[in-house]
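Following: one structure in structure tokens, then a few remarks.
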Number of protein chains: 2
Amino acid sequence: MYCNNKNYSMSNGRFAISVHILTLLASEPEQYCSSEYLSGSININPVLVRKELVNLRNHGLVISKEGKTGGSTLAKSAGLIAMSDIYDAVREKQFLGKSINEPNPACTIGRQINQHLDDLYRESERALMQSLDKMTLAEFLQKFS
Amino acid sequence: MYCNNKNYSMSNGRFAISVHILTLLASEPEQYCSSEYLSGSININPVLVRKELVNLRNHGLVISKEGKTGGSTLAKSAGLIAMSDIYDAVREKQFLGKSINEPNPACTIGRQINQHLDDLYRESERALMQSLDKMTLAEFLQKFS
DNA sequence: TATTACTGAAATGAAAATTGTTACAGTTTA
DNA sequence: TAAACTGTAACAATTTTCATTTCAGTAATA
């Protein structure tokens, strides 16, 4: 849908942070939550929250409003957002990673390994996505008592 | 089986590097390959290769021999090594990651999110492993012409 | 219309993680 | 004893991640 390959490299906290943001928004439907409020629960800097919100917005998961009383809210019902949508929004590069350096093209193995890793990753990421398809944000929220 | 949580944090190139190492070893059965040779194909520092070999050895995937004519070789037939075994060897922490900071325990969502993320990760990682189970190192090697 | 409370975004810095390098003791072969 | 390796530590360089500051722009509202 949209891809901002600017600064991030799919990795650490981004999925967790986006899930956290969206869960908070889902728990306060009809409300616009400020980045300050969100960052208070996640315990990270509000500017980072706003950066994640840019991405979630670009992927059609949240809507933001500027100005006083501004903030963010879910762009659609939590029942219509799957965990795989969130994964898809934060995903970049290949989830199992590649070596930073180019393998040796003079070597039979080195010359082809990235192609074959790509194939393997594609297949296993598909399995991962299928699993993440099974839970919606609404179902995830229900776990919180 | 074994876990060396010393310096690494499951992430980027390690899976790819370990697959590369093992593919090279599988392509030269009956031989002990030096870390120099392996690093030449991967295009990384031989010391890094030796560090990965420590891990693969600890997980029972390779055997190494010291001294002149030393090097490493597969500990078992490539047909008996699944990609999931390699994933398992390099895996650490949670593959989708957590925020570095502790979420706010005073918040209903913050207090429980890590527990629920754990559950989600466990389930989706199981799906990933099942997918990686399907290919052996021998099958992977066959793709190289 | 001035104030307040937000977002959006850039720029910069600090901290952490990753990768590279050097060095050298120990092992085995010949 | 020399040569060619492994094993490992220590440290440097690089890259990535996360935090902070700052400020322009927007919208509500008193």
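Labeling convention for the structure tokens: chains A, B, ... as they appear, residues from 1 per chain, ligands from 1 in order of appearance.
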Item to check | Check: which chain A residues lie within 6 Å of chain C using only C-alpha atoms (C1' of nucleotides), as a list in words | outcome: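 Putting it all together, I get Glu66, Gly67, Lys68 and Gly70 of chain A.
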Just to be explicit: take each residue in the selection above, keep all heavy atoms, and write the result as a PDB file, in the first residue's frame.
ATOM      1  N   GLU A  66      -5.241  17.969  13.550  1.00  0.00           N
ATOM      2  CA  GLU A  66      -4.314  18.969  14.082  1.00  0.00           C
ATOM      3  C   GLU A  66      -5.030  19.944  15.014  1.00  0.00           C
ATOM      4  O   GLU A  66      -6.243  19.881  15.177  1.00  0.00           O
ATOM      5  CB  GLU A  66      -3.659  19.730  12.940  1.00  0.00           C
ATOM      6  CG  GLU A  66      -2.716  18.891  12.106  1.00  0.00           C
ATOM      7  CD  GLU A  66      -1.887  19.749  11.158  1.00  0.00           C
ATOM      8  OE1 GLU A  66      -2.280  20.884  10.898  1.00  0.00           O
ATOM      9  OE2 GLU A  66      -0.848  19.260  10.684  1.00  0.00           O
ATOM     10  N   GLY A  67      -4.258  20.829  15.558  1.00  0.00           N
ATOM     11  CA  GLY A  67      -4.831  21.898  16.382  1.00  0.00           C
ATOM     12  C   GLY A  67      -5.173  21.470  17.791  1.00  0.00           C
ATOM     13  O   GLY A  67      -5.003  20.311  18.181  1.00  0.00           O
ATOM     14  N   LYS A  68      -5.625  22.429  18.543  1.00  0.00           N
ATOM     15  CA  LYS A  68      -6.060  22.158  19.908  1.00  0.00           C
ATOM     16  C   LYS A  68      -7.163  21.097  19.844  1.00  0.00           C
ATOM     17  O   LYS A  68      -7.941  21.062  18.905  1.00  0.00           O
ATOM     18  CB  LYS A  68      -6.631  23.440  20.524  1.00  0.00           C
ATOM     19  CG  LYS A  68      -6.866  23.346  22.008  1.00  0.00           C
ATOM     20  CD  LYS A  68      -7.238  24.701  22.571  1.00  0.00           C
ATOM     21  CE  LYS A  68      -7.529  24.595  24.052  1.00  0.00           C
ATOM     22  NZ  LYS A  68      -7.847  25.913  24.642  1.00  0.00           N
ATOM     23  N   GLY A  70      -6.614  18.267  19.106  1.00  0.00           N
ATOM     24  CA  GLY A  70      -6.198  17.333  18.060  1.00  0.00           C
ATOM     25  C   GLY A  70      -5.725  16.021  18.655  1.00  0.00           C
ATOM     26  O   GLY A  70      -5.748  15.817  19.870  1.00  0.00           O
TER      27      GLY A  70
END
Mind dumping a table of every chain D residue within 7 Å of chain B, with the nearest atom pair and its distance in Å to one decimal, using only C-alpha atoms (C1' of nucleotides), sorted by chain and rising number, as CSV?
residue,atom,partner,partner_atom,distance
D:DA4,C1',B:Lys68,CA,4.6
D:DC5,C1',B:Lys68,CA,4.4
D:DT6,C1',B:Glu66,CA,4.9
Determine, using only C-alpha atoms, which residues of chain B have any atom at most 6 Å from an atom of chain A, and tabulate each with its shortest atom pair and distance in Å to one decimal place, rows ordered by chain and then rising number, as a tab-separated table.
residue	atom	partner	partner_atom	distance
B:Asn12	CA	A:Gly97	CA	4.6
B:Gly13	CA	A:Ser99	CA	4.4
B:Ala16	CA	A:Lys98	CA	5.3
B:Ser41	CA	A:Asn104	CA	4.8
B:Ile42	CA	A:Pro103	CA	4.7
B:Asn43	CA	A:Pro103	CA	5.3
B:Gly97	CA	A:Asn12	CA	4.5
B:Lys98	CA	A:Gly13	CA	4.7
B:Ser99	CA	A:Gly13	CA	4.3
B:Pro103	CA	A:Ile42	CA	4.6
B:Asn104	CA	A:Ser41	CA	4.8
B:Gly110	CA	A:Ser41	CA	5.4
B:Ser124	CA	A:Ser131	CA	5.4
B:Ala127	CA	A:Leu128	CA	5.9
B:Leu128	CA	A:Leu128	CA	5.3
B:Ser131	CA	A:Ser124	CA	5.4
Could those selected residues go to a file with N, CA and C atoms, as a PDB file, in the first residue's frame?
ATOM      1  N   ASN B  12      19.629  -9.168  12.526  1.00  0.00           N
ATOM      2  CA  ASN B  12      19.814  -8.987  11.120  1.00  0.00           C
ATOM      3  C   ASN B  12      20.456 -10.127  10.393  1.00  0.00           C
ATOM      4  N   GLY B  13      21.752 -10.026  10.239  1.00  0.00           N
ATOM      5  CA  GLY B  13      22.376 -10.936   9.305  1.00  0.00           C
ATOM      6  C   GLY B  13      22.608 -12.349   9.792  1.00  0.00           C
ATOM      7  N   ALA B  16      21.000 -15.348   7.924  1.00  0.00           N
ATOM      8  CA  ALA B  16      21.551 -15.443   6.568  1.00  0.00           C
ATOM      9  C   ALA B  16      22.987 -15.953   6.598  1.00  0.00           C
ATOM     10  N   SER B  41      33.526 -16.371   0.809  1.00  0.00           N
ATOM     11  CA  SER B  41      32.273 -16.449   0.044  1.00  0.00           C
ATOM     12  C   SER B  41      31.223 -15.494   0.605  1.00  0.00           C
ATOM     13  N   ILE B  42      31.195 -15.401   1.920  1.00  0.00           N
ATOM     14  CA  ILE B  42      30.178 -14.558   2.567  1.00  0.00           C
ATOM     15  C   ILE B  42      30.569 -13.092   2.476  1.00  0.00           C
ATOM     16  N   ASN B  43      31.863 -12.876   2.419  1.00  0.00           N
ATOM     17  CA  ASN B  43      32.401 -11.518   2.384  1.00  0.00           C
ATOM     18  C   ASN B  43      32.242 -10.793   3.713  1.00  0.00           C
ATOM     19  N   GLY B  97      10.059  -8.362  18.403  1.00  0.00           N
ATOM     20  CA  GLY B  97      10.611  -7.289  19.220  1.00  0.00           C
ATOM     21  C   GLY B  97       9.653  -6.610  20.170  1.00  0.00           C
ATOM     22  N   LYS B  98      10.283  -6.031  21.172  1.00  0.00           N
ATOM     23  CA  LYS B  98       9.552  -5.262  22.173  1.00  0.00           C
ATOM     24  C   LYS B  98      10.170  -3.881  22.245  1.00  0.00           C
ATOM     25  N   SER B  99       9.410  -2.968  22.779  1.00  0.00           N
ATOM     26  CA  SER B  99       9.977  -1.658  23.050  1.00  0.00           C
ATOM     27  C   SER B  99      11.062  -1.809  24.109  1.00  0.00           C
ATOM     28  N   PRO B 103       6.718  -0.483  29.545  1.00  0.00           N
ATOM     29  CA  PRO B 103       5.489   0.311  29.435  1.00  0.00           C
ATOM     30  C   PRO B 103       5.016   0.741  30.820  1.00  0.00           C
ATOM     31  N   ASN B 104       4.194   1.734  30.847  1.00  0.00           N
ATOM     32  CA  ASN B 104       3.693   2.319  32.085  1.00  0.00           C
ATOM     33  C   ASN B 104       2.780   1.348  32.854  1.00  0.00           C
ATOM     34  N   GLY B 110      -0.756  -0.592  29.154  1.00  0.00           N
ATOM     35  CA  GLY B 110       0.682  -0.714  29.354  1.00  0.00           C
ATOM     36  C   GLY B 110       1.059  -1.860  30.271  1.00  0.00           C
ATOM     37  N   SER B 124       2.656 -16.908  16.480  1.00  0.00           N
ATOM     38  CA  SER B 124       3.063 -16.639  15.104  1.00  0.00           C
ATOM     39  C   SER B 124       4.452 -17.204  14.817  1.00  0.00           C
ATOM     40  N   ALA B 127       4.050 -20.691  13.718  1.00  0.00           N
ATOM     41  CA  ALA B 127       3.687 -20.791  12.302  1.00  0.00           C
ATOM     42  C   ALA B 127       4.932 -20.627  11.425  1.00  0.00           C
ATOM     43  N   LEU B 128       5.772 -19.716  11.825  1.00  0.00           N
ATOM     44  CA  LEU B 128       7.016 -19.507  11.078  1.00  0.00           C
ATOM     45  C   LEU B 128       7.872 -20.765  11.101  1.00  0.00           C
ATOM     46  N   SER B 131       6.739 -23.478   8.864  1.00  0.00           N
ATOM     47  CA  SER B 131       7.096 -23.235   7.471  1.00  0.00           C
ATOM     48  C   SER B 131       8.564 -23.584   7.214  1.00  0.00           C
TER      49      SER B 131
END
Item to check | Separation of atom C1' of DT14 of chain D from atom CA of Arg91 of chain B, in Å and rounded to one decimal | outcome: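 Calculated distance between atom C1' of DT14 of chain D and atom CA of Arg91 of chain B is 23.7 Å.
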Next on the checklist: As an exercise, work out the distance from atom CA of Ala26 of chain B to atom CA of Thr73 of chain B in Å and give it to one decimal place.
Outcome noted: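 Taking atom CA of Ala26 of chain B and atom CA of Thr73 of chain B, their separation equals 7.9 Å.
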Item to check | Residue set, chain B restricted to strand (DSSP E or B), as an NGL selection string | outcome: :B and (33 or 62-65 or 71-74 or 82 or 136)
Keeping only N, CA and C atoms, write the selected residues as a short mmCIF file (atom, residue, chain, number, x, y, z; two decimals), in the first residue's frame.
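The result, stored in selection-v5.cif:
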data_model
loop_
_atom_site.label_atom_id
_atom_site.label_comp_id
_atom_site.auth_asym_id
_atom_site.auth_seq_id
_atom_site.Cartn_x
_atom_site.Cartn_y
_atom_site.Cartn_z
N CYS B 33 36.25 -27.14 6.16
CA CYS B 33 36.46 -25.83 5.55
C CYS B 33 36.98 -24.84 6.57
N VAL B 62 27.43 -28.22 13.54
CA VAL B 62 28.74 -28.39 12.91
C VAL B 62 29.74 -28.98 13.90
N ILE B 63 30.81 -29.49 13.33
CA ILE B 63 31.93 -29.99 14.11
C ILE B 63 33.15 -29.24 13.62
N SER B 64 34.03 -28.85 14.53
CA SER B 64 35.24 -28.17 14.11
C SER B 64 36.47 -28.94 14.57
N LYS B 65 37.52 -28.73 13.85
CA LYS B 65 38.78 -29.39 14.16
C LYS B 65 39.84 -28.32 14.25
N GLY B 71 39.33 -26.94 10.59
CA GLY B 71 38.20 -26.30 9.92
C GLY B 71 36.90 -26.87 10.45
N SER B 72 35.84 -26.64 9.71
CA SER B 72 34.53 -27.10 10.18
C SER B 72 33.83 -27.92 9.11
N THR B 73 32.95 -28.79 9.58
CA THR B 73 32.16 -29.62 8.68
C THR B 73 30.81 -29.86 9.33
N LEU B 74 29.84 -30.31 8.55
CA LEU B 74 28.52 -30.57 9.12
C LEU B 74 28.57 -31.69 10.14
N ALA B 82 17.00 -29.07 9.18
CA ALA B 82 15.92 -28.25 8.62
C ALA B 82 16.26 -26.78 8.79
N THR B 136 14.81 -28.71 4.07
CA THR B 136 16.08 -29.14 4.67
C THR B 136 17.23 -28.40 4.00
#
Next on the checklist: Based on the backbone DSSP call, show me all residues of chain A assigned helix (DSSP H, G or I), as a PyMOL selection string.
Outcome noted: chain A and resi 14-27+35-42+46-58+78-80+83-90+108-133+137-142
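Rounded to one decimal, atom CA of Leu22 of chain A and atom CA of Leu56 of chain A lie 9.0 Å from each other.
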